[in-house]
$ cat input.cif   # mmCIF, C-alpha atoms
data_my_file
loop_
_atom_site.label_atom_id
_atom_site.label_comp_id
_atom_site.auth_asym_id
_atom_site.auth_seq_id
_atom_site.Cartn_x
_atom_site.Cartn_y
_atom_site.Cartn_z
CA MET A 1 46.66 35.85 -16.81
CA GLN A 2 43.44 34.53 -18.40
CA PRO A 3 40.21 36.41 -17.42
CA TRP A 4 37.69 34.08 -15.83
CA PHE A 5 34.51 33.51 -17.77
CA PRO A 6 31.59 31.74 -16.12
CA PRO A 7 30.62 28.47 -17.83
CA PRO A 8 28.03 29.00 -20.62
CA GLY A 9 24.46 28.93 -19.36
CA SER A 10 25.33 29.80 -15.79
CA THR A 11 25.05 33.58 -16.40
CA GLY A 12 21.39 33.17 -17.34
CA ALA A 13 20.81 30.93 -14.34
CA PHE A 14 22.49 33.51 -12.12
CA PHE A 15 20.19 36.29 -13.30
CA LEU A 16 17.11 34.12 -12.86
CA LEU A 17 18.19 33.35 -9.28
CA LEU A 18 18.66 37.08 -8.72
CA LEU A 19 15.15 37.80 -9.98
CA LEU A 20 13.39 35.02 -8.09
CA PRO A 21 13.38 36.47 -4.54
CA PRO A 22 12.01 39.89 -5.62
CA LEU A 23 9.34 38.18 -7.75
CA LEU A 24 8.24 36.08 -4.77
CA LEU A 25 7.81 39.27 -2.75
CA VAL A 26 5.48 40.81 -5.37
CA PRO A 27 2.24 39.44 -3.84
CA PHE A 28 3.09 41.11 -0.52
CA VAL A 29 3.84 44.41 -2.20
CA LEU A 30 0.54 44.27 -4.06
CA LEU A 31 -1.34 43.83 -0.81
CA ALA A 32 0.46 46.80 0.66
CA ARG A 33 -0.07 49.15 -2.31
CA ARG A 34 -1.81 52.42 -1.45
CA ARG A 35 -4.22 53.49 -4.14
CA HIS A 36 -4.72 57.20 -3.61
CA ASP A 37 -1.38 58.96 -3.41
CA ARG A 38 -1.59 62.68 -3.90
CA ARG A 39 1.01 63.81 -6.40
CA THR A 40 2.12 67.27 -7.46
CA PRO A 41 2.67 68.19 -11.10
CA PRO A 42 4.58 67.65 -13.25
CA LEU A 43 4.27 63.87 -13.41
CA ARG A 44 6.80 61.90 -15.41
CA LEU A 45 4.72 59.72 -17.68
CA LEU A 46 6.00 56.52 -19.26
CA VAL A 47 3.91 55.48 -22.25
CA VAL A 48 4.30 51.99 -23.68
CA ALA A 49 3.58 52.11 -27.39
CA GLY A 50 2.67 48.95 -29.25
CA SER A 51 2.35 48.33 -32.94
CA GLY A 52 -0.53 49.38 -35.17
CA GLY A 53 -3.80 50.14 -33.44
CA HIS A 54 -2.26 50.16 -29.97
CA THR A 55 -0.26 53.31 -30.72
CA THR A 56 -3.23 55.01 -32.37
CA GLU A 57 -5.33 54.29 -29.30
CA ILE A 58 -2.77 55.40 -26.78
CA LEU A 59 -2.14 58.68 -28.59
CA ARG A 60 -5.86 59.35 -28.44
CA LEU A 61 -5.82 58.71 -24.72
CA LEU A 62 -2.99 61.23 -24.37
CA SER A 63 -4.72 63.84 -26.52
CA CYS A 64 -6.68 65.44 -23.67
CA LEU A 65 -4.00 65.27 -20.99
CA SER A 66 -2.67 68.56 -19.65
CA GLU A 67 0.98 69.55 -19.60
CA SER A 68 1.12 68.39 -15.99
CA TYR A 69 1.98 64.99 -17.49
CA SER A 70 5.47 65.82 -18.68
CA PRO A 71 7.86 64.64 -19.91
CA ARG A 72 6.16 61.83 -21.83
CA CYS A 73 8.66 58.97 -22.17
CA TYR A 74 7.62 56.62 -24.93
CA VAL A 75 8.91 53.04 -24.90
CA LEU A 76 8.66 51.07 -28.12
CA ALA A 77 9.60 47.59 -29.27
CA ASP A 78 12.75 47.59 -31.36
CA SER A 79 10.97 45.95 -34.29
CA ASP A 80 8.17 48.53 -34.40
CA LYS A 81 8.59 50.64 -37.52
CA MET A 82 5.42 52.69 -37.65
CA SER A 83 4.86 53.93 -34.12
CA GLU A 84 7.80 56.32 -34.00
CA ALA A 85 6.43 58.38 -36.89
CA LYS A 86 2.97 58.55 -35.32
CA ILE A 87 4.42 59.60 -31.97
CA ARG A 88 6.64 62.30 -33.43
CA SER A 89 3.74 63.67 -35.42
CA PHE A 90 1.57 63.74 -32.28
CA GLU A 91 4.28 65.44 -30.22
CA GLN A 92 4.97 67.97 -32.93
CA LYS A 93 1.33 69.07 -32.90
CA ARG A 94 1.46 69.18 -29.12
CA ALA A 95 4.55 71.39 -29.19
CA GLU A 96 2.59 73.87 -31.31
CA ARG A 97 0.02 74.15 -28.51
CA PHE A 98 2.26 73.98 -25.44
CA SER A 99 5.52 75.88 -25.32
CA ASN A 100 7.53 73.63 -23.02
CA SER A 101 6.36 70.27 -24.35
CA GLN A 102 8.88 67.48 -23.72
CA PHE A 103 9.11 63.85 -24.72
CA THR A 104 11.67 61.06 -25.09
CA LEU A 105 11.71 57.85 -27.08
CA ASP A 106 13.40 54.56 -26.11
CA ARG A 107 13.33 51.07 -27.54
CA ILE A 108 13.41 47.64 -25.92
CA PRO A 109 13.51 44.14 -27.41
CA ARG A 110 10.02 42.98 -28.30
CA SER A 111 8.87 40.51 -25.65
CA ARG A 112 6.64 38.53 -28.00
CA GLU A 113 5.75 38.62 -31.69
CA VAL A 114 2.23 37.90 -32.91
CA ARG A 115 1.80 34.11 -33.23
CA GLN A 116 5.05 33.40 -31.34
CA SER A 117 4.97 30.10 -29.45
CA TRP A 118 4.35 30.19 -25.69
CA THR A 119 7.62 28.56 -24.64
CA SER A 120 9.83 30.92 -26.61
CA SER A 121 7.65 33.83 -25.41
CA VAL A 122 8.66 33.12 -21.79
CA VAL A 123 12.34 33.37 -22.72
CA THR A 124 12.00 36.55 -24.78
CA THR A 125 9.81 38.16 -22.09
CA ALA A 126 12.36 37.36 -19.38
CA TYR A 127 15.05 38.94 -21.56
CA SER A 128 12.85 42.01 -22.08
CA ILE A 129 12.33 42.36 -18.31
CA LEU A 130 16.09 42.34 -17.74
CA TYR A 131 16.51 44.89 -20.51
CA SER A 132 13.70 47.11 -19.15
CA LEU A 133 15.11 47.37 -15.63
CA PRO A 134 17.90 49.87 -16.39
CA LEU A 135 15.57 51.82 -18.69
CA THR A 136 12.80 52.12 -16.10
CA TYR A 137 15.43 53.03 -13.52
CA LYS A 138 16.76 55.77 -15.81
CA LEU A 139 13.31 57.18 -16.64
CA LYS A 140 11.90 56.89 -13.06
CA PRO A 141 8.28 57.44 -14.11
CA ASP A 142 5.57 58.59 -11.70
CA LEU A 143 2.92 57.04 -13.90
CA ILE A 144 2.98 54.25 -16.47
CA LEU A 145 0.31 54.10 -19.15
CA CYS A 146 -0.12 51.08 -21.37
CA ASN A 147 -2.86 49.50 -23.42
CA GLY A 148 -2.06 45.96 -24.29
CA PRO A 149 0.99 45.23 -26.44
CA GLY A 150 3.32 42.52 -25.15
CA THR A 151 5.93 45.22 -24.62
CA CYS A 152 4.04 46.58 -21.61
CA VAL A 153 4.38 43.46 -19.44
CA PRO A 154 8.18 43.59 -18.99
CA VAL A 155 8.08 47.36 -18.52
CA CYS A 156 5.41 47.12 -15.80
CA ILE A 157 7.14 44.20 -14.08
CA SER A 158 10.43 46.10 -14.07
CA ALA A 159 8.61 49.11 -12.54
CA LEU A 160 7.11 46.83 -9.87
CA LEU A 161 10.56 45.48 -9.06
CA LEU A 162 11.93 49.00 -8.72
CA GLY A 163 9.07 49.78 -6.37
CA LEU A 164 9.90 46.66 -4.35
CA LEU A 165 13.50 47.73 -4.06
CA GLY A 166 12.31 51.10 -2.77
CA MET A 167 13.73 53.02 -5.75
CA LYS A 168 10.61 54.42 -7.43
CA ARG A 169 6.94 53.74 -6.93
CA ALA A 170 5.03 54.26 -10.19
CA ILE A 171 1.26 54.21 -10.61
CA ILE A 172 0.40 51.68 -13.30
CA VAL A 173 -2.63 52.50 -15.43
CA TYR A 174 -3.73 49.92 -17.97
CA VAL A 175 -6.38 50.70 -20.58
CA GLU A 176 -7.59 47.62 -22.42
CA SER A 177 -7.87 48.10 -26.17
CA ILE A 178 -11.24 48.89 -27.68
CA CYS A 179 -10.84 45.64 -29.63
CA ARG A 180 -11.45 43.74 -26.43
CA VAL A 181 -15.20 43.50 -25.99
CA GLU A 182 -15.72 40.20 -24.20
CA THR A 183 -12.27 38.84 -23.38
CA LEU A 184 -9.05 40.39 -22.15
CA SER A 185 -5.78 40.33 -24.04
CA LEU A 186 -2.94 38.25 -22.59
CA SER A 187 -1.28 41.43 -21.29
CA GLY A 188 -4.60 42.45 -19.78
CA LYS A 189 -5.04 39.12 -17.99
CA ILE A 190 -1.61 39.53 -16.41
CA LEU A 191 -1.81 43.23 -15.60
CA TYR A 192 -5.35 43.02 -14.18
CA TYR A 193 -3.60 41.82 -11.02
CA PHE A 194 -0.55 44.06 -11.19
CA SER A 195 -1.93 47.44 -12.25
CA ASP A 196 -3.30 50.16 -9.99
CA TYR A 197 -6.10 51.09 -12.39
CA PHE A 198 -7.43 48.75 -15.03
CA ILE A 199 -9.76 50.44 -17.51
CA VAL A 200 -12.07 48.61 -19.91
CA GLN A 201 -14.14 50.11 -22.71
CA TRP A 202 -17.09 47.75 -22.98
CA PRO A 203 -19.63 46.89 -20.27
CA ALA A 204 -19.31 43.11 -20.70
CA LEU A 205 -15.72 43.29 -19.46
CA LYS A 206 -16.69 45.38 -16.46
CA GLU A 207 -19.11 42.64 -15.48
CA LYS A 208 -16.50 39.91 -15.85
CA TYR A 209 -13.72 41.87 -14.15
CA PRO A 210 -15.30 43.77 -11.28
CA LYS A 211 -12.09 45.50 -10.15
CA SER A 212 -11.87 47.24 -13.53
CA VAL A 213 -13.01 50.79 -14.27
CA TYR A 214 -15.52 51.47 -17.03
CA LEU A 215 -15.63 55.01 -18.44
CA GLY A 216 -17.36 54.19 -21.72
CA ARG A 217 -15.50 54.45 -25.01
CA ILE A 218 -12.48 56.70 -24.46
CA VAL A 219 -10.61 56.39 -27.77
CA ARG B 1 -26.18 47.78 -57.53
CA TRP B 2 -23.69 49.46 -59.81
CA LEU B 3 -21.17 49.56 -56.92
CA ARG B 4 -21.56 45.83 -56.37
CA GLY B 5 -21.08 45.18 -60.05
CA ARG B 6 -17.83 47.13 -60.09
CA LEU B 7 -16.33 45.33 -57.08
CA TRP B 8 -17.40 41.93 -58.32
CA GLY B 9 -15.72 42.77 -61.59
CA ALA B 10 -12.56 43.53 -59.66
CA ALA B 11 -12.66 40.17 -57.86
CA ARG B 12 -13.21 38.24 -61.05
CA SER B 13 -10.39 39.98 -62.83
CA CYS B 14 -7.95 38.98 -60.11
CA THR B 15 -8.92 35.35 -60.55
CA GLU B 16 -8.89 35.46 -64.34
CA GLY B 17 -5.49 37.09 -64.28
CA GLY B 18 -4.06 33.63 -63.69
CA LYS B 19 -3.69 33.78 -59.90
CA ARG B 20 -4.82 30.71 -57.99
CA GLU B 21 -6.09 32.65 -55.05
CA PRO B 22 -9.24 34.65 -55.44
CA PHE B 23 -9.41 38.22 -54.16
CA CYS B 24 -9.81 36.88 -50.60
CA GLY B 25 -6.61 34.89 -50.81
CA GLU B 26 -4.68 38.06 -51.48
CA TRP B 27 -6.50 39.64 -48.61
CA GLU B 28 -5.29 36.92 -46.21
CA ALA B 29 -1.74 38.10 -46.73
CA VAL B 30 -2.51 41.59 -45.48
CA GLU B 31 -1.49 42.29 -41.91
CA GLY B 32 -1.30 46.05 -41.90
CA GLU B 33 -3.54 49.03 -42.37
CA PRO B 34 -6.78 49.15 -44.35
CA ALA B 35 -6.93 48.77 -48.10
CA VAL B 36 -9.06 51.35 -49.81
CA LEU B 37 -10.88 50.52 -52.97
CA SER B 38 -12.88 53.17 -54.59
CA SER B 39 -15.37 52.37 -57.26
CA GLY B 40 -17.62 54.47 -59.36
CA LEU B 41 -14.57 56.52 -60.31
CA SER B 42 -12.56 56.49 -63.48
CA PRO B 43 -9.51 54.15 -63.49
CA ALA B 44 -7.06 57.03 -63.20
CA SER B 45 -8.50 58.10 -59.87
CA VAL B 46 -8.86 54.70 -58.16
CA PRO B 47 -6.46 54.65 -55.23
CA PRO B 48 -4.26 51.54 -54.88
CA PRO B 49 -4.96 49.03 -52.08
CA GLN B 50 -2.54 48.75 -49.20
CA ILE B 51 -0.81 45.45 -48.43
CA GLY B 52 1.03 46.47 -45.25
CA ARG B 53 3.67 43.90 -44.31
CA GLY B 54 1.92 41.15 -46.21
CA ALA B 55 4.13 38.57 -47.90
CA LEU B 56 2.08 38.50 -51.06
CA GLN B 57 2.65 41.43 -53.39
CA PRO B 58 0.24 41.24 -56.29
CA ALA B 59 1.46 42.72 -59.55
CA PRO B 60 -0.42 45.79 -60.74
CA GLN B 61 -3.52 44.93 -62.67
CA TYR B 62 -5.28 47.05 -65.18
CA GLY B 63 -8.75 46.40 -66.49
CA PRO B 64 -11.23 48.37 -68.52
CA ALA B 65 -13.19 49.29 -65.37
CA PHE B 66 -10.47 49.65 -62.72
CA VAL B 67 -6.79 50.09 -61.89
CA ARG B 68 -5.29 48.10 -59.04
CA ASP B 69 -1.81 48.62 -57.74
CA VAL B 70 -0.71 48.18 -54.15
CA PHE B 71 1.25 50.05 -51.50
CA ARG B 72 2.68 48.95 -48.18
CA PHE B 73 2.41 51.92 -45.90
CA LYS B 74 1.52 55.56 -46.03
CA GLU B 75 1.93 58.13 -43.35
CA SER B 76 -1.78 58.87 -43.39
CA LEU B 77 -4.74 57.27 -45.05
CA ALA B 78 -7.00 60.26 -44.34
CA GLU B 79 -7.09 61.42 -47.96
CA ASP B 80 -7.80 57.95 -49.31
CA LEU B 81 -10.54 57.49 -46.73
CA ARG B 82 -12.20 60.73 -47.68
CA ARG B 83 -12.32 59.82 -51.36
CA ALA B 84 -13.64 56.30 -50.78
CA ASP B 85 -17.27 55.22 -51.14
CA LEU B 86 -16.60 51.92 -49.40
CA VAL B 87 -13.72 50.73 -47.23
CA ILE B 88 -12.73 47.09 -46.87
CA SER B 89 -10.37 46.48 -43.97
CA HIS B 90 -9.11 44.07 -41.35
CA ALA B 91 -10.58 44.55 -37.87
CA GLY B 92 -7.69 46.45 -36.33
CA ALA B 93 -8.83 49.14 -33.93
CA GLY B 94 -7.11 52.03 -35.69
CA SER B 95 -8.37 50.99 -39.10
CA CYS B 96 -11.96 50.64 -37.92
CA LEU B 97 -12.02 53.81 -35.86
CA GLU B 98 -10.43 56.02 -38.50
CA THR B 99 -12.84 54.79 -41.13
CA LEU B 100 -15.95 55.07 -38.96
CA GLU B 101 -14.97 58.55 -37.84
CA GLU B 102 -14.75 59.64 -41.48
CA GLY B 103 -18.32 58.42 -41.75
CA LYS B 104 -17.50 55.88 -44.45
CA PRO B 105 -19.24 52.52 -44.92
CA LEU B 106 -16.94 49.82 -43.62
CA LEU B 107 -16.74 46.13 -44.42
CA VAL B 108 -14.46 44.33 -41.99
CA VAL B 109 -12.69 41.11 -43.00
CA ILE B 110 -11.47 38.88 -40.18
CA ASN B 111 -8.01 37.30 -40.32
CA GLU B 112 -8.65 33.78 -39.07
CA LYS B 113 -4.97 33.02 -38.55
CA LEU B 114 -4.55 35.46 -35.64
CA MET B 115 -4.21 33.74 -32.25
CA ASP B 116 -7.60 33.60 -30.47
CA ASN B 117 -9.01 35.83 -33.18
CA HIS B 118 -9.66 38.81 -30.91
CA GLN B 119 -10.37 41.02 -33.89
CA LEU B 120 -13.63 39.11 -34.32
CA GLU B 121 -14.95 40.50 -31.03
CA LEU B 122 -14.73 44.12 -32.15
CA ALA B 123 -16.12 43.42 -35.61
CA ARG B 124 -18.99 41.47 -34.09
CA GLN B 125 -19.83 44.20 -31.57
CA LEU B 126 -19.64 47.00 -34.14
CA HIS B 127 -21.83 44.90 -36.41
CA LYS B 128 -24.27 44.24 -33.55
CA ASP B 129 -24.48 47.98 -32.96
CA GLY B 130 -25.13 48.47 -36.67
CA HIS B 131 -21.93 50.37 -37.55
CA VAL B 132 -20.13 47.94 -39.89
CA LEU B 133 -20.64 44.93 -42.09
CA TYR B 134 -18.33 42.03 -41.42
CA CYS B 135 -17.25 38.78 -43.00
CA ASN B 136 -14.26 36.46 -43.31
CA CYS B 137 -12.10 35.73 -46.33
CA SER B 138 -14.29 32.99 -47.69
CA THR B 139 -17.50 35.03 -47.46
CA LEU B 140 -16.13 38.33 -48.76
CA VAL B 141 -17.43 38.04 -52.28
CA GLU B 142 -20.96 37.01 -51.32
CA THR B 143 -21.07 39.81 -48.72
CA LEU B 144 -20.10 42.35 -51.37
CA GLN B 145 -22.84 41.04 -53.61
CA SER B 146 -25.59 41.08 -51.02
CA MET B 147 -24.74 44.05 -48.77
CA ASP B 148 -27.03 47.00 -48.10
CA LEU B 149 -24.99 49.99 -46.96
CA SER B 150 -28.05 52.06 -46.06
CA THR B 151 -28.56 49.92 -42.95
CA LEU B 152 -25.34 51.21 -41.36
CA LYS B 153 -25.67 53.65 -38.42
CA PRO B 154 -23.34 56.61 -37.73
CA PHE B 155 -20.61 56.00 -35.17
CA PRO B 156 -20.37 58.45 -32.25
CA PRO B 157 -16.80 59.52 -31.37
CA GLY B 158 -15.00 58.26 -28.26
CA GLN B 159 -14.39 60.58 -25.31
CA PRO B 160 -10.73 60.76 -24.29
CA GLU B 161 -11.58 63.77 -22.12
CA LYS B 162 -13.24 61.34 -19.70
CA PHE B 163 -9.94 59.50 -19.38
CA ALA B 164 -8.08 62.78 -18.71
CA LEU B 165 -10.57 63.70 -15.98
CA PHE B 166 -10.28 60.25 -14.42
CA LEU B 167 -6.50 60.37 -14.41
CA ASP B 168 -6.40 63.87 -12.90
CA LYS B 169 -8.67 62.61 -10.14
CA VAL B 170 -6.68 59.47 -9.29
CA VAL B 171 -3.29 61.17 -9.21
CA GLY B 172 -4.75 63.90 -7.02
CA PHE B 173 -4.53 66.86 -9.41
CA GLU B 174 -7.96 68.34 -8.71
#

$ encode --input "input.cif" --output "structure tokens"
Amino acid sequence: MQPWFPPPGSTGAFFLLLLLPPLLLVPFVLLARRRHDRRTPPLRLLVVAGSGGHTTEILRLLSCLSESYSPRCYVLADSDKMSEAKIRSFEQKRAERFSNSQFTLDRIPRSREVRQSWTSSVVTTAYSILYSLPLTYKLKPDLILCNGPGTCVPVCISALLLGLLGMKRAIIVYVESICRVETLSLSGKILYYFSDYFIVQWPALKEKYPKSVYLGRIV
Amino acid sequence: RWLRGRLWGAARSCTEGGKREPFCGEWEAVEGEPAVLSSGLSPASVPPPQIGRGALQPAPQYGPAFVRDVFRFKESLAEDLRRADLVISHAGAGSCLETLEEGKPLLVVINEKLMDNHQLELARQLHKDGHVLYCNCSTLVETLQSMDLSTLKPFPPGQPEKFALFLDKVVGFE
């Protein structure tokens, strides 16, 4: 007997229909989010690493964190060649200081390349969200830290969806890159509304985005 | 003045070597980490510039006053940065911060083809605060000729410990 295959195109449509109701509920979840949960260490930390300067910046942010943020689960874009080496070097130095230092490394499809057109970006981002869901479910982070690469949007949205489904409620902390002095990145513009804490590094941004947190230059 | 003369010589040699693009044109192809040119040193000790993932790979060039070869990536540029008298770089955060933290004079070149040109914001702010010189591809040569490095101010380091304190507070670790 022949196995039944759905007509081409309908699988994608099916998944989009599956995603639509949870996405429509997101505004309600955001209104209901509690900001000051008290957590006990250790906290599972998911770090979204982007290419080039993003990884350098995020490793600096991690440099002063205690071992209460463990394990550190790094998520990279599959096309990112340089970040893995930087992360391993950082974690190696950390292991010399802390005896039980733990980290993991996973890759997801890049949601958008630099200079990629907007229309194709929507498709690749949707694909990245679908891909991120099982990964975020597997990692079950308590805290997500990201700083701007396109990779962070699908990861954060997948974490929000998991929270909606009652599976895991992660605190999302977004730190806008030091490159951003007067305007937010595209990821920043999206995650300003979806993150729990949105940190900027220049005073002009704090003025424009009053819900953000300004701690000065932290990288 | 001698430094300017050396770098100008480098730019002219690239053009005279038969390439259409001037030095800036080669620069436009660079998308990766900073390129480090060192002048005032003998040709044997001039480090090669980095071209990252750039499509254009200039052939090595040798002149009486300088040696120029290229490399794509290195694990760390710390050694090259320490030996440099001047660093010319794109405005990527890592490139700028690493260079400024080494206390080296930095000239930032903006890549005008990047969407919304966000690198310009950082270069402009760092320039406003007196930490870097900046230019774009078409003004690179004149900037090198007219720059005064003594006007640059030292760059205080960032404070990631403030972020750690903030995070501990919001997750309730205190």

$ interface_residues --input "input.cif" --of "chain B" --to "chain A" --cutoff "7 Å" --atoms "all atoms listed in the file" --output "PyMOL selection string"
chain B and resi 92-94+114-115+118-119+121-122+158-164+170-173

$ write_last_selection --input "input.cif" --atoms "C-alpha atoms" --output "mmCIF file, in the coordinates of the input"
data_model
loop_
_atom_site.group_PDB
_atom_site.id
_atom_site.type_symbol
_atom_site.label_atom_id
_atom_site.label_comp_id
_atom_site.auth_asym_id
_atom_site.auth_seq_id
_atom_site.Cartn_x
_atom_site.Cartn_y
_atom_site.Cartn_z
ATOM 1 C CA GLY B 92 -7.690 46.450 -36.330
ATOM 2 C CA ALA B 93 -8.830 49.140 -33.930
ATOM 3 C CA GLY B 94 -7.110 52.030 -35.690
ATOM 4 C CA LEU B 114 -4.550 35.460 -35.640
ATOM 5 C CA MET B 115 -4.210 33.740 -32.250
ATOM 6 C CA HIS B 118 -9.660 38.810 -30.910
ATOM 7 C CA GLN B 119 -10.370 41.020 -33.890
ATOM 8 C CA GLU B 121 -14.950 40.500 -31.030
ATOM 9 C CA LEU B 122 -14.730 44.120 -32.150
ATOM 10 C CA GLY B 158 -15.000 58.260 -28.260
ATOM 11 C CA GLN B 159 -14.390 60.580 -25.310
ATOM 12 C CA PRO B 160 -10.730 60.760 -24.290
ATOM 13 C CA GLU B 161 -11.580 63.770 -22.120
ATOM 14 C CA LYS B 162 -13.240 61.340 -19.700
ATOM 15 C CA PHE B 163 -9.940 59.500 -19.380
ATOM 16 C CA ALA B 164 -8.080 62.780 -18.710
ATOM 17 C CA VAL B 170 -6.680 59.470 -9.290
ATOM 18 C CA VAL B 171 -3.290 61.170 -9.210
ATOM 19 C CA GLY B 172 -4.750 63.900 -7.020
ATOM 20 C CA PHE B 173 -4.530 66.860 -9.410
#

$ closest_residue --input "input.cif" --among "A:Cys146, A:Val122, A:Leu105, A:Leu133" --to "Val48 of chain A" --atoms "all atoms listed in the file"
A:Cys146

$ closest_residue --input "input.cif" --among "B:Ile110, B:Lys153, B:Gln145, B:Leu165" --to "His131 of chain B" --atoms "only C-alpha atoms"
B:Lys153

$ atom_distance --input "input.cif" --atom1 "atom CA of Ala123 of chain B" --atom2 "atom CA of Trp118 of chain A"
26.3 Å

$ atom_distance --input "input.cif" --atom1 "atom CA of Glu98 of chain B" --atom2 "atom CA of Asp80 of chain A"
20.5 Å

$ resolve_selection --input "input.cif" --expression "the PyMOL selection byres ((chain A and resi 210) around 12)" --output "ChimeraX atom specification"
/A:192-193,197-200,203-209,211-214

$ resolve_selection --input "input.cif" --expression "the PyMOL selection byres ((chain B and resi 143) around 12)" --output "PyMOL selection string"
chain B and resi 4+7-8+24+88+106-109+133-142+144-149

$ resolve_selection --input "input.cif" --expression "the PyMOL selection byres ((chain A and resi 108) around 6)" --output "ChimeraX atom specification"
/A:77-78,107,109

$ residues_around --input "input.cif" --residues "Leu46 of chain A" --least-positions-apart "2" --cutoff "8 Å" --atoms "only C-alpha atoms" --output "list in words"
Arg44, Val48, Arg72, Cys73, Tyr74, Val75, Leu139, Pro141, Asp142, Leu143, Ile144 and Leu145 of chain A

$ atom_distance --input "input.cif" --atom1 "atom CA of Glu96 of chain A" --atom2 "atom CA of Lys169 of chain B"
26.5 Å

$ residues_around --input "input.cif" --residues "Lys140 of chain A" --least-positions-apart "6" --cutoff "10 Å" --atoms "only C-alpha atoms" --output "list of chain:residue names"
A:Arg44, A:Leu45, A:Leu46, A:Cys73, A:Pro134, A:Ala159, A:Leu162, A:Met167, A:Lys168, A:Arg169, A:Ala170

$ write_last_selection --input "input.cif" --atoms "C-alpha atoms" --output "compact mmCIF listing (two decimals), in the coordinates of the input"
# COMPACT_ATOMS: atom_id res chain seq x y z
CA ARG A 44 6.80 61.90 -15.41
CA LEU A 45 4.72 59.72 -17.68
CA LEU A 46 6.00 56.52 -19.26
CA CYS A 73 8.66 58.97 -22.17
CA PRO A 134 17.90 49.87 -16.39
CA ALA A 159 8.61 49.11 -12.54
CA LEU A 162 11.93 49.00 -8.72
CA MET A 167 13.73 53.02 -5.75
CA LYS A 168 10.61 54.42 -7.43
CA ARG A 169 6.94 53.74 -6.93
CA ALA A 170 5.03 54.26 -10.19

$ closest_residue --input "input.cif" --among "A:Cys152, A:Val47, A:Leu160, A:Ala126" --to "Leu186 of chain A" --atoms "all atoms listed in the file"
A:Cys152

$ closest_residue --input "input.cif" --among "A:Ser79, A:Pro149, A:Lys189, A:Glu67" --to "Arg97 of chain A" --atoms "all atoms listed in the file"
A:Glu67
